[in-house]
file work.cif (mmCIF, C-alpha atoms)
data_target
loop_
_atom_site.label_atom_id
_atom_site.label_comp_id
_atom_site.auth_asym_id
_atom_site.auth_seq_id
_atom_site.Cartn_x
_atom_site.Cartn_y
_atom_site.Cartn_z
CA MET A 1 71.34 20.96 114.66
CA ARG A 2 69.48 20.61 111.40
CA ASP A 3 71.34 20.68 108.16
CA SER A 4 69.68 23.83 106.89
CA GLU A 5 72.25 24.20 104.11
CA SER A 6 71.17 21.18 102.10
CA GLU A 7 67.55 21.68 103.11
CA TRP A 8 67.53 25.28 101.93
CA SER A 9 69.41 24.40 98.75
CA VAL A 10 66.76 21.83 97.89
CA LEU A 11 64.02 24.38 98.57
CA MET A 12 65.72 27.02 96.45
CA ARG A 13 66.25 24.63 93.55
CA ALA A 14 62.57 23.74 93.70
CA ALA A 15 61.68 27.43 93.95
CA ILE A 16 63.70 28.31 90.86
CA GLY A 17 61.99 25.42 89.12
CA GLY A 18 58.68 27.20 89.79
CA ASP A 19 57.57 25.55 93.06
CA GLY A 20 55.87 28.42 94.89
CA ARG A 21 55.27 26.43 98.07
CA ALA A 22 58.93 25.49 98.45
CA TYR A 23 59.80 29.12 97.84
CA ALA A 24 57.37 30.35 100.48
CA ARG A 25 58.75 27.85 102.97
CA LEU A 26 62.31 28.90 102.21
CA LEU A 27 61.59 32.62 102.64
CA THR A 28 59.61 31.95 105.81
CA GLU A 29 62.47 29.92 107.29
CA ILE A 30 65.07 32.48 106.30
CA THR A 31 63.21 35.45 107.75
CA PRO A 32 63.93 34.82 111.46
CA VAL A 33 67.60 34.31 110.64
CA LEU A 34 67.65 37.62 108.77
CA ARG A 35 65.96 39.30 111.71
CA GLY A 36 68.66 37.96 113.99
CA ILE A 37 71.42 39.31 111.77
CA VAL A 38 69.80 42.71 111.44
CA ARG A 39 69.09 42.92 115.15
CA SER A 40 72.61 41.95 116.18
CA ARG A 41 74.17 44.46 113.83
CA GLY A 42 71.59 47.18 114.12
CA ARG A 43 71.79 48.43 117.67
CA ALA A 44 72.31 51.94 116.32
CA LEU A 45 68.93 51.89 114.59
CA SER A 46 65.53 51.94 116.19
CA PRO A 47 63.93 48.48 116.20
CA ASP A 48 61.00 49.56 114.01
CA ARG A 49 63.51 50.08 111.17
CA HIS A 50 64.79 46.55 111.50
CA GLU A 51 61.80 44.95 109.84
CA ASP A 52 62.17 47.34 106.87
CA ILE A 53 65.71 46.13 106.39
CA VAL A 54 64.64 42.50 106.72
CA GLN A 55 62.11 43.13 103.95
CA ASP A 56 64.76 44.86 101.81
CA VAL A 57 66.90 41.76 102.12
CA LEU A 58 64.00 39.45 101.25
CA LEU A 59 63.27 41.55 98.17
CA ALA A 60 66.93 41.37 97.11
CA ILE A 61 67.00 37.59 97.57
CA HIS A 62 63.89 37.45 95.42
CA GLU A 63 65.13 39.74 92.67
CA LYS A 64 68.60 38.21 92.46
CA ARG A 65 67.82 34.55 93.03
CA HIS A 66 68.78 33.69 89.45
CA THR A 67 72.39 34.66 90.28
CA TRP A 68 72.65 31.65 92.56
CA ARG A 69 74.15 28.65 90.83
CA PRO A 70 72.16 25.53 91.73
CA ASP A 71 75.38 23.48 91.85
CA SER A 72 76.96 25.68 94.52
CA PRO A 73 76.04 25.94 98.24
CA LEU A 74 73.20 28.34 99.01
CA LYS A 75 74.33 29.78 102.33
CA PRO A 76 77.38 31.73 101.13
CA TRP A 77 75.19 33.25 98.42
CA LEU A 78 72.44 34.02 100.89
CA TYR A 79 74.83 35.56 103.35
CA ALA A 80 76.51 37.66 100.65
CA VAL A 81 73.16 39.09 99.55
CA THR A 82 72.16 39.76 103.15
CA ARG A 83 75.43 41.40 104.03
CA HIS A 84 75.33 43.58 100.93
CA LYS A 85 71.80 44.81 101.62
CA VAL A 86 72.27 45.28 105.37
CA VAL A 87 75.47 47.27 104.92
CA ASP A 88 73.73 49.31 102.23
CA ALA A 89 70.65 49.93 104.38
CA PHE A 90 72.72 51.02 107.36
CA ARG A 91 74.82 53.32 105.25
CA ARG A 92 71.74 54.97 103.78
CA ARG A 93 69.90 55.28 107.06
CA GLY A 94 73.00 56.15 109.03
CA ALA A 95 73.78 58.99 106.64
CA SER A 96 70.38 60.57 107.26
CA VAL A 97 71.40 61.21 110.88
CA HIS A 98 73.88 63.79 109.65
CA LEU A 99 71.20 65.86 107.92
CA PRO A 100 70.75 69.48 109.05
CA ILE A 101 68.58 69.89 112.14
CA GLU A 102 65.62 71.38 110.20
CA ASP A 103 65.21 68.22 108.17
CA PHE A 104 65.49 66.17 111.29
CA THR A 105 62.63 67.98 113.02
CA ASP A 106 60.51 67.44 109.89
CA PHE A 107 61.24 63.77 110.24
CA LEU A 108 60.21 63.75 113.89
CA GLU A 109 56.93 65.48 113.19
CA SER A 110 55.94 63.15 110.41
CA GLU A 111 56.44 60.18 112.64
CA PRO A 112 53.08 58.91 113.81
CA GLY A 113 52.38 59.24 117.52
CA PRO A 114 50.94 56.30 119.42
CA ASP A 115 50.36 53.21 117.38
CA PRO A 116 46.56 53.57 116.99
CA LEU A 117 47.15 56.51 114.66
CA ALA A 118 47.68 54.26 111.66
CA ARG A 119 45.86 56.09 108.84
CA ARG A 120 43.13 53.53 108.39
CA ASP A 121 41.93 53.77 111.98
CA THR A 122 42.49 57.46 112.46
CA ASP A 123 39.03 58.71 111.65
CA ARG A 124 37.32 56.05 113.71
CA LEU A 125 39.53 56.88 116.69
CA LEU A 126 39.24 60.64 116.34
CA ALA A 127 35.47 60.28 116.39
CA GLY A 128 35.93 59.00 119.93
CA ILE A 129 37.25 62.30 121.33
CA ASP A 130 35.77 65.80 121.35
CA ASP A 131 35.87 67.84 118.14
CA ARG A 132 38.33 70.45 119.35
CA SER A 133 40.88 67.84 120.47
CA ALA A 134 40.35 65.92 117.25
CA ALA A 135 41.07 69.08 115.25
CA ILE A 136 44.29 69.64 117.22
CA VAL A 137 45.46 66.06 116.75
CA ARG A 138 44.68 66.23 113.04
CA ALA A 139 46.55 69.50 112.60
CA VAL A 140 49.66 68.72 114.66
CA ALA A 141 50.17 64.98 114.67
CA ILE A 142 48.88 64.19 111.17
CA ASP A 143 49.32 67.30 109.03
CA GLY A 144 52.49 68.37 110.86
CA GLU A 145 51.37 71.96 111.62
CA GLU A 146 53.18 74.05 114.24
CA THR A 147 51.44 74.16 117.63
CA GLY A 148 51.72 77.97 117.57
CA ALA A 149 49.85 78.23 114.28
CA VAL A 150 47.15 75.86 115.46
CA GLY A 151 46.74 77.87 118.66
CA ALA A 152 46.34 81.10 116.70
CA ARG A 153 43.66 79.54 114.53
CA LEU A 154 41.72 78.08 117.45
CA SER A 155 42.39 81.19 119.62
CA MET A 156 44.28 79.17 122.23
CA THR A 157 47.74 79.72 123.68
CA GLU A 158 50.46 77.47 122.36
CA GLY A 159 50.82 75.90 125.81
CA ALA A 160 47.12 75.10 125.95
CA VAL A 161 47.37 73.44 122.52
CA ARG A 162 50.23 71.29 123.74
CA VAL A 163 48.37 70.23 126.85
CA ALA A 164 45.22 69.47 124.87
CA LEU A 165 47.30 67.50 122.35
CA HIS A 166 49.00 65.53 125.08
CA ARG A 167 45.68 64.61 126.72
CA ALA A 168 44.11 63.73 123.40
CA MET A 169 47.02 61.46 122.48
CA LYS A 170 46.77 59.66 125.79
CA LYS A 171 43.09 59.18 125.33
CA LEU A 172 43.59 57.95 121.76
CA ALA A 173 46.22 55.49 122.93
CA ARG A 174 43.73 54.16 125.47
CA LEU A 175 41.01 53.89 122.83
CA GLY A 176 43.39 52.15 120.47
CA ALA A 177 44.69 49.74 123.07
CA GLY A 178 41.22 48.75 124.27
CA ASN A 179 38.53 47.85 121.76
CA GLY A 180 38.11 51.31 120.27
CA GLY A 181 35.16 50.04 118.21
CA ASP A 182 32.99 49.92 121.33
CA GLY A 183 33.92 53.46 122.34
CA PRO A 184 31.41 56.27 122.67
CA GLY A 185 31.45 56.78 118.88
CA ARG A 186 30.41 60.40 119.02
CA GLY A 187 29.34 61.74 115.67
CA ARG A 188 29.46 58.37 113.93
CA ASP A 189 25.75 57.75 113.85
CA GLU A 190 24.68 61.29 113.16
CA MET B 1 53.62 45.89 104.87
CA ARG B 2 53.81 42.78 106.99
CA THR B 3 56.69 40.50 106.17
CA GLU B 4 54.34 37.53 105.72
CA ASP B 5 52.37 39.51 103.13
CA LEU B 6 55.57 40.44 101.35
CA ILE B 7 56.59 36.79 101.15
CA SER B 8 53.25 35.66 99.73
CA ARG B 9 53.47 38.44 97.15
CA LEU B 10 57.01 37.48 96.13
CA VAL B 11 56.13 33.82 95.82
CA ALA B 12 53.60 34.63 93.11
CA GLU B 13 56.26 36.10 90.81
CA PRO B 14 58.00 33.80 88.32
CA PRO B 15 61.81 33.48 88.50
CA ARG B 16 64.03 35.18 85.92
CA PRO B 17 66.46 33.32 83.70
CA PRO B 18 70.14 33.46 84.74
CA LEU B 19 72.75 35.53 82.94
CA ARG B 20 74.25 33.59 80.01
CA ALA B 21 77.94 34.13 79.32
CA LEU B 22 77.65 33.32 75.64
CA ALA B 23 74.70 35.64 75.03
CA MET B 24 76.49 38.47 76.82
CA ALA B 25 79.75 37.91 74.91
CA LEU B 26 77.92 37.86 71.58
CA ALA B 27 75.93 41.00 72.35
CA MET B 28 79.11 42.85 73.33
CA LEU B 29 80.99 41.65 70.25
CA VAL B 30 78.18 42.88 68.01
CA ALA B 31 78.26 46.23 69.80
CA LEU B 32 82.01 46.43 69.12
CA ALA B 33 81.77 45.14 65.54
CA LEU B 34 79.74 48.17 64.44
CA PRO B 35 82.26 50.93 65.32
CA LEU B 36 85.27 48.69 64.62
CA GLY B 37 83.92 47.67 61.22
CA TRP B 38 83.22 51.28 60.37
CA PHE B 39 86.72 52.32 61.47
CA LEU B 40 88.57 49.54 59.65
CA GLY B 41 86.37 50.02 56.60
CA SER B 42 87.11 53.73 56.31
CA MET B 43 90.73 53.80 57.58
CA GLY B 44 91.77 50.42 56.18
CA MET B 45 93.70 47.52 57.63
CA ARG B 46 97.46 47.74 57.60
CA PRO B 47 98.70 46.58 54.17
CA ASP B 48 101.20 44.06 55.55
CA LEU B 49 98.78 42.45 58.00
CA GLU B 50 99.71 38.84 57.34
CA ALA B 51 103.44 39.40 57.67
CA ALA B 52 102.87 41.55 60.75
CA LEU B 53 100.90 38.87 62.55
CA LEU B 54 103.75 36.41 61.95
CA ALA B 55 106.25 38.64 63.78
CA PRO B 56 105.86 37.82 67.50
CA VAL B 57 106.34 41.35 68.88
CA THR B 58 103.83 42.74 66.39
CA ALA B 59 101.38 39.90 66.92
CA ALA B 60 101.57 40.58 70.67
CA LYS B 61 100.02 43.97 69.92
CA SER B 62 96.77 42.15 69.14
CA LEU B 63 97.31 39.06 71.23
CA LEU B 64 98.02 40.66 74.62
CA PRO B 65 94.92 42.88 74.64
CA PHE B 66 92.84 39.99 73.31
CA VAL B 67 93.90 37.69 76.15
CA LEU B 68 93.41 40.51 78.66
CA SER B 69 89.92 41.02 77.26
CA ALA B 70 88.96 37.35 77.52
CA THR B 71 90.25 36.93 81.07
CA SER B 72 88.65 40.20 82.20
CA PHE B 73 85.34 39.18 80.69
CA ALA B 74 85.43 35.89 82.58
CA LEU B 75 86.26 37.75 85.78
CA ALA B 76 83.43 40.24 85.25
CA LEU B 77 80.97 37.36 84.91
CA HIS B 78 82.37 35.69 88.01
CA LEU B 79 81.99 38.93 90.00
CA ALA B 80 78.32 39.13 89.00
CA ARG B 81 77.63 36.59 91.76
CA PRO B 82 77.28 38.23 95.16
CA GLU B 83 79.47 35.72 97.03
CA ALA B 84 82.34 36.03 94.53
CA ARG B 85 85.85 36.90 95.69
CA VAL B 86 88.47 38.33 93.36
CA GLY B 87 91.50 36.52 94.80
CA ARG B 88 93.30 34.20 92.43
CA ARG B 89 90.96 34.97 89.58
CA LEU B 90 92.90 38.16 89.05
CA VAL B 91 96.06 36.17 88.23
CA PRO B 92 95.49 35.67 84.46
CA ALA B 93 94.81 39.35 83.82
CA ALA B 94 97.74 40.31 86.04
CA LEU B 95 100.04 37.97 84.05
CA VAL B 96 99.02 39.69 80.82
CA ALA B 97 99.78 43.06 82.36
CA LEU B 98 103.16 41.78 83.58
CA ALA B 99 104.01 40.41 80.13
CA ALA B 100 103.19 43.78 78.58
CA LEU B 101 105.26 45.58 81.18
CA GLY B 102 108.18 43.20 80.63
CA LEU B 103 108.02 43.80 76.90
CA TRP B 104 108.00 47.53 77.48
CA LEU B 105 111.00 47.35 79.86
CA GLY B 106 112.94 45.09 77.49
CA PHE B 107 112.64 47.55 74.64
CA TRP B 108 113.29 50.47 76.96
CA MET B 109 116.65 48.98 77.89
CA GLN B 110 117.56 48.25 74.26
CA THR B 111 116.73 51.71 73.00
CA PRO B 112 119.36 54.48 73.16
CA THR B 113 118.35 57.18 75.62
CA GLN B 114 118.09 59.96 73.02
CA ALA B 115 115.67 57.85 70.94
CA LEU B 116 113.39 56.88 73.85
CA GLY B 117 111.13 59.94 73.73
CA ALA B 118 110.38 59.62 70.05
CA ALA B 119 109.82 55.85 70.32
CA ILE B 120 107.32 56.22 73.15
CA ARG B 121 105.52 59.19 71.57
CA GLY B 122 105.23 57.66 68.11
CA SER B 123 103.17 59.75 65.73
CA THR B 124 99.60 58.53 66.22
CA GLN B 125 99.09 58.46 69.95
CA VAL B 126 96.09 60.81 69.94
CA LYS B 127 94.31 58.79 67.26
CA CYS B 128 95.18 55.58 69.08
CA LEU B 129 93.96 56.80 72.47
CA THR B 130 90.69 58.30 71.28
CA THR B 131 89.80 55.51 68.86
CA ILE B 132 90.37 52.65 71.29
CA THR B 133 88.60 54.42 74.14
CA LEU B 134 85.61 55.47 72.01
CA MET B 135 85.25 52.05 70.39
CA SER B 136 85.14 50.41 73.80
CA LEU B 137 82.08 52.42 74.85
CA PRO B 138 79.28 50.66 72.89
CA PRO B 139 80.22 47.15 74.11
CA LEU B 140 80.72 48.57 77.60
CA ALA B 141 77.22 50.03 77.58
CA VAL B 142 75.69 46.78 76.36
CA GLY B 143 77.70 44.71 78.83
CA LEU B 144 76.82 46.92 81.80
CA LEU B 145 73.12 46.80 80.97
CA MET B 146 73.24 43.00 80.84
CA LEU B 147 75.35 42.83 84.00
CA ARG B 148 72.61 44.70 85.86
CA ARG B 149 70.84 41.35 86.01
CA GLY B 150 73.76 40.11 88.08
CA ALA B 151 74.38 40.98 91.72
CA SER B 152 77.92 42.20 92.21
CA SER B 153 79.00 42.96 95.75
CA ALA B 154 81.58 45.37 94.29
CA PRO B 155 79.82 47.35 91.54
CA ALA B 156 82.75 49.66 90.74
CA LEU B 157 85.18 46.76 90.47
CA SER B 158 82.78 44.83 88.25
CA GLY B 159 82.42 47.86 85.98
CA ALA B 160 86.18 48.38 85.87
CA VAL B 161 86.86 44.77 84.91
CA LEU B 162 84.19 44.89 82.23
CA GLY B 163 85.75 48.13 80.97
CA LEU B 164 89.13 46.41 80.68
CA ALA B 165 87.49 43.62 78.69
CA CYS B 166 85.98 46.16 76.28
CA GLY B 167 89.15 48.26 76.03
CA GLY B 168 91.23 45.15 75.39
CA MET B 169 88.97 43.93 72.61
CA ALA B 170 88.84 47.39 71.03
CA ALA B 171 92.66 47.59 71.18
CA ALA B 172 93.06 44.15 69.62
CA GLY B 173 90.84 45.30 66.75
CA TYR B 174 92.55 48.69 66.40
CA ALA B 175 95.93 46.89 66.12
CA LEU B 176 94.82 45.49 62.76
CA HIS B 177 95.01 49.05 61.42
CA CYS B 178 97.89 50.53 63.43
CA THR B 179 101.44 50.26 62.01
CA GLU B 180 103.33 51.42 65.08
CA ASP B 181 104.92 48.17 66.15
CA ASN B 182 107.30 49.32 68.88
CA PRO B 183 106.12 48.05 72.30
CA LEU B 184 107.36 51.33 73.77
CA PHE B 185 104.55 52.93 71.79
CA TYR B 186 101.80 50.37 71.90
CA VAL B 187 102.15 49.19 75.48
CA THR B 188 102.11 52.83 76.59
CA TRP B 189 99.17 54.08 74.56
CA TYR B 190 97.07 50.94 74.16
CA GLY B 191 97.59 50.40 77.86
CA THR B 192 96.49 53.93 78.68
CA ALA B 193 93.39 53.60 76.47
CA ILE B 194 92.47 50.23 78.02
CA LEU B 195 92.93 51.66 81.52
CA ALA B 196 90.77 54.63 80.53
CA ALA B 197 88.03 52.21 79.45
CA GLY B 198 88.47 50.47 82.80
CA GLY B 199 88.12 53.80 84.62
CA ILE B 200 84.96 54.68 82.70
CA GLY B 201 83.66 51.21 83.47
CA ALA B 202 84.36 51.71 87.18
CA LEU B 203 82.45 55.01 87.25
CA LEU B 204 79.50 53.64 85.29
CA GLY B 205 79.49 50.37 87.20
CA TRP B 206 79.41 52.21 90.48
CA ARG B 207 76.22 53.93 89.31
CA LEU B 208 74.58 51.20 87.24
CA LEU B 209 75.44 47.96 89.01
CA ARG B 210 74.13 48.90 92.44
CA TRP B 211 71.22 46.90 93.75
#
call {"tool": "encode", "arguments": {"input": "work.cif", "output": "structure tokens"}}
result
Amino acid sequence: MRDSESEWSVLMRAAIGGDGRAYARLLTEITPVLRGIVRSRGRALSPDRHEDIVQDVLLAIHEKRHTWRPDSPLKPWLYAVTRHKVVDAFRRRGASVHLPIEDFTDFLESEPGPDPLARRDTDRLLAGIDDRSAAIVRAVAIDGEETGAVGARLSMTEGAVRVALHRAMKKLARLGAGNGGDGPGRGRDE
Amino acid sequence: MRTEDLISRLVAEPPRPPLRALAMALAMLVALALPLGWFLGSMGMRPDLEAALLAPVTAAKSLLPFVLSATSFALALHLARPEARVGRRLVPAALVALAALGLWLGFWMQTPTQALGAAIRGSTQVKCLTTITLMSLPPLAVGLLMLRRGASSAPALSGAVLGLACGGMAAAGYALHCTEDNPLFYVTWYGTAILAAGGIGALLGWRLLRW
């Protein structure tokens, strides 16, 4: 096993002395360890939250690195910072579970559907499906409108909106997973 | 944001200088000197100050809170590191508290029962309580703001310890004016005021020292 303690201490000393490369190496080497800690402790949280917490910890290490004394070992300091931020993150995120149900449904609706719906790619992807489906996806999945309200506006039943939404999402997921750029591109060149 | 991007962004930022004990102590002393100087200037020192400081029990009125203040300050700085444990570092401050308590008990046993109430109450306890507590607030504010650069794993405890340091120093200064030399009085009321400063420090620390 490598002696990461002395190695990391050397890197951190160099980092505090202004060596950006040593600092980058240190943070890069620490990150998988942090991920392991967060993952092992964070079974109660969905995995996509884990990386947020890892980044919170990295930020804290960065902002508080001057509180480490170069003549003392680095790992206890590092672990203390990590523990503090992880406990804090879990407490904050854990508490949100106890919110009233209305807030919780808001949270669910604002969560993006399949991965391809990242804002940047949305318009490109939506151009790949028919206009009516695109309007439904925009209204429900992005703007968070109720399916009933959307149905009333488009003179469809709520059930029909849901079915159309479901099909559109599946199609979008396919477009996003494949090379969506080569898709039919309806309306892009007009 | 991707974690790799975060790291390359962080690397570009220069490190901050560490917290300096001396700078923090000086800043807090200046913040105390203003209200204390104003108070002693307008209310006056006790006329028999030199003689009073030569009598051990009277000198203890300044000395005990001063030592408590110094040890608490050192502890507050220690706790500013995230990996710090309280443990044995609490011993010096606890010894001061024990000494004060012993002094109080000794005089309690010597005093006739019917005189106890009057001895504990004294005649200036309201002035004593409010002055010491109020004077401890400016250095507490300055100290807490500087301690925000630290990274305490126990923000409320850090604030409380810093509050004790400020209350102790304010009490040591107030003792130069106060002529109530019975430990039954001063341990009770100075102690209460110092604990009040500690309580305020705990509340503020809990809010301000989180990170």
call {"tool": "resolve_selection", "arguments": {"input": "work.cif", "expression": "the PyMOL selection byres ((chain B) within 9 of (chain A))", "output": "mmCIF file with C-alpha atoms, in the coordinates of the input"}}
result
data_model
loop_
_atom_site.group_PDB
_atom_site.id
_atom_site.type_symbol
_atom_site.label_atom_id
_atom_site.label_comp_id
_atom_site.auth_asym_id
_atom_site.auth_seq_id
_atom_site.Cartn_x
_atom_site.Cartn_y
_atom_site.Cartn_z
ATOM 1 C CA MET B 1 53.620 45.890 104.870
ATOM 2 C CA ARG B 2 53.810 42.780 106.990
ATOM 3 C CA THR B 3 56.690 40.500 106.170
ATOM 4 C CA GLU B 4 54.340 37.530 105.720
ATOM 5 C CA LEU B 6 55.570 40.440 101.350
ATOM 6 C CA ILE B 7 56.590 36.790 101.150
ATOM 7 C CA SER B 8 53.250 35.660 99.730
ATOM 8 C CA LEU B 10 57.010 37.480 96.130
ATOM 9 C CA VAL B 11 56.130 33.820 95.820
ATOM 10 C CA ALA B 12 53.600 34.630 93.110
ATOM 11 C CA GLU B 13 56.260 36.100 90.810
ATOM 12 C CA PRO B 14 58.000 33.800 88.320
ATOM 13 C CA PRO B 15 61.810 33.480 88.500
ATOM 14 C CA ARG B 16 64.030 35.180 85.920
ATOM 15 C CA PRO B 17 66.460 33.320 83.700
ATOM 16 C CA PRO B 18 70.140 33.460 84.740
ATOM 17 C CA LEU B 19 72.750 35.530 82.940
ATOM 18 C CA ALA B 80 78.320 39.130 89.000
ATOM 19 C CA ARG B 81 77.630 36.590 91.760
ATOM 20 C CA PRO B 82 77.280 38.230 95.160
ATOM 21 C CA GLU B 83 79.470 35.720 97.030
ATOM 22 C CA ALA B 84 82.340 36.030 94.530
ATOM 23 C CA ARG B 149 70.840 41.350 86.010
ATOM 24 C CA GLY B 150 73.760 40.110 88.080
ATOM 25 C CA ALA B 151 74.380 40.980 91.720
ATOM 26 C CA SER B 153 79.000 42.960 95.750
ATOM 27 C CA TRP B 211 71.220 46.900 93.750
#
call {"tool": "residues_near_point", "arguments": {"input": "work.cif", "point": "(72.4, 50.9, 87.2)", "cutoff": "10 Å", "atoms": "all atoms listed in the file", "output": "list in words"}}
result
Leu144, Leu145, Leu147, Arg148, Arg149, Pro155, Leu204, Gly205, Trp206, Arg207, Leu208, Leu209, Arg210 and Trp211 of chain B
call {"tool": "closest_residue", "arguments": {"input": "work.cif", "among": "B:Ala60, B:Ala170, B:Leu77, B:Met43", "to": "Ile132 in chain B", "atoms": "all atoms listed in the file"}}
result
B:Ala170
call {"tool": "resolve_selection", "arguments": {"input": "work.cif", "expression": "the PyMOL selection byres ((chain B and resi 86-89) around 10)", "output": "mmCIF file with C-alpha atoms, in the coordinates of the input"}}
result
data_model
loop_
_atom_site.group_PDB
_atom_site.id
_atom_site.type_symbol
_atom_site.label_atom_id
_atom_site.label_comp_id
_atom_site.auth_asym_id
_atom_site.auth_seq_id
_atom_site.Cartn_x
_atom_site.Cartn_y
_atom_site.Cartn_z
ATOM 1 C CA THR B 71 90.250 36.930 81.070
ATOM 2 C CA SER B 72 88.650 40.200 82.200
ATOM 3 C CA ALA B 74 85.430 35.890 82.580
ATOM 4 C CA LEU B 75 86.260 37.750 85.780
ATOM 5 C CA ALA B 76 83.430 40.240 85.250
ATOM 6 C CA HIS B 78 82.370 35.690 88.010
ATOM 7 C CA LEU B 79 81.990 38.930 90.000
ATOM 8 C CA ALA B 84 82.340 36.030 94.530
ATOM 9 C CA ARG B 85 85.850 36.900 95.690
ATOM 10 C CA LEU B 90 92.900 38.160 89.050
ATOM 11 C CA VAL B 91 96.060 36.170 88.230
ATOM 12 C CA PRO B 92 95.490 35.670 84.460
ATOM 13 C CA ALA B 93 94.810 39.350 83.820
ATOM 14 C CA ALA B 94 97.740 40.310 86.040
ATOM 15 C CA ALA B 154 81.580 45.370 94.290
ATOM 16 C CA LEU B 157 85.180 46.760 90.470
#
call {"tool": "atom_distance", "arguments": {"input": "work.cif", "atom1": "CA of Cys128 in chain B", "atom2": "CA of Trp189 in chain B"}}
result
6.9 Å
call {"tool": "residues_around", "arguments": {"input": "work.cif", "residues": "Leu140 in chain B", "least_positions_apart": "5", "cutoff": "10 Å", "atoms": "all atoms listed in the file", "output": "list in words"}}
result
Met28, Ala31, Leu32, Met135, Leu145, Met146, Gly159, Ala160, Leu162, Gly163, Leu164, Ala165, Cys166, Gly167, Ala197, Gly198, Ile200, Gly201, Leu204 and Gly205 of chain B
call {"tool": "closest_residue", "arguments": {"input": "work.cif", "among": "B:Leu53, B:Ala27, B:Val187, B:Leu176", "to": "Gly106 in chain B", "atoms": "all atoms listed in the file"}}
result
B:Val187
call {"tool": "atom_distance", "arguments": {"input": "work.cif", "atom1": "CA of Val96 in chain B", "atom2": "CA of Pro65 in chain B"}}
result
8.1 Å
call {"tool": "atom_distance", "arguments": {"input": "work.cif", "atom1": "CA of Leu203 in chain B", "atom2": "CA of Ala156 in chain B"}}
result
6.4 Å
call {"tool": "resolve_selection", "arguments": {"input": "work.cif", "expression": "the PyMOL selection byres ((chain B and resi 175) around 10)", "output": "ChimeraX atom specification"}}
result
/B:45-46,49,58-63,65,128,132,169-174,176-181,186,190
call {"tool": "axis_aligned_box", "arguments": {"input": "work.cif", "around": "range 187-203 of chain B", "padding_each_side": "8 Å", "output": "lines of an AutoDock Vina configuration file"}}
result
center_x = 92.3
center_y = 52.1
center_z = 80.7
size_x = 35.7
size_y = 21.8
size_z = 29.1
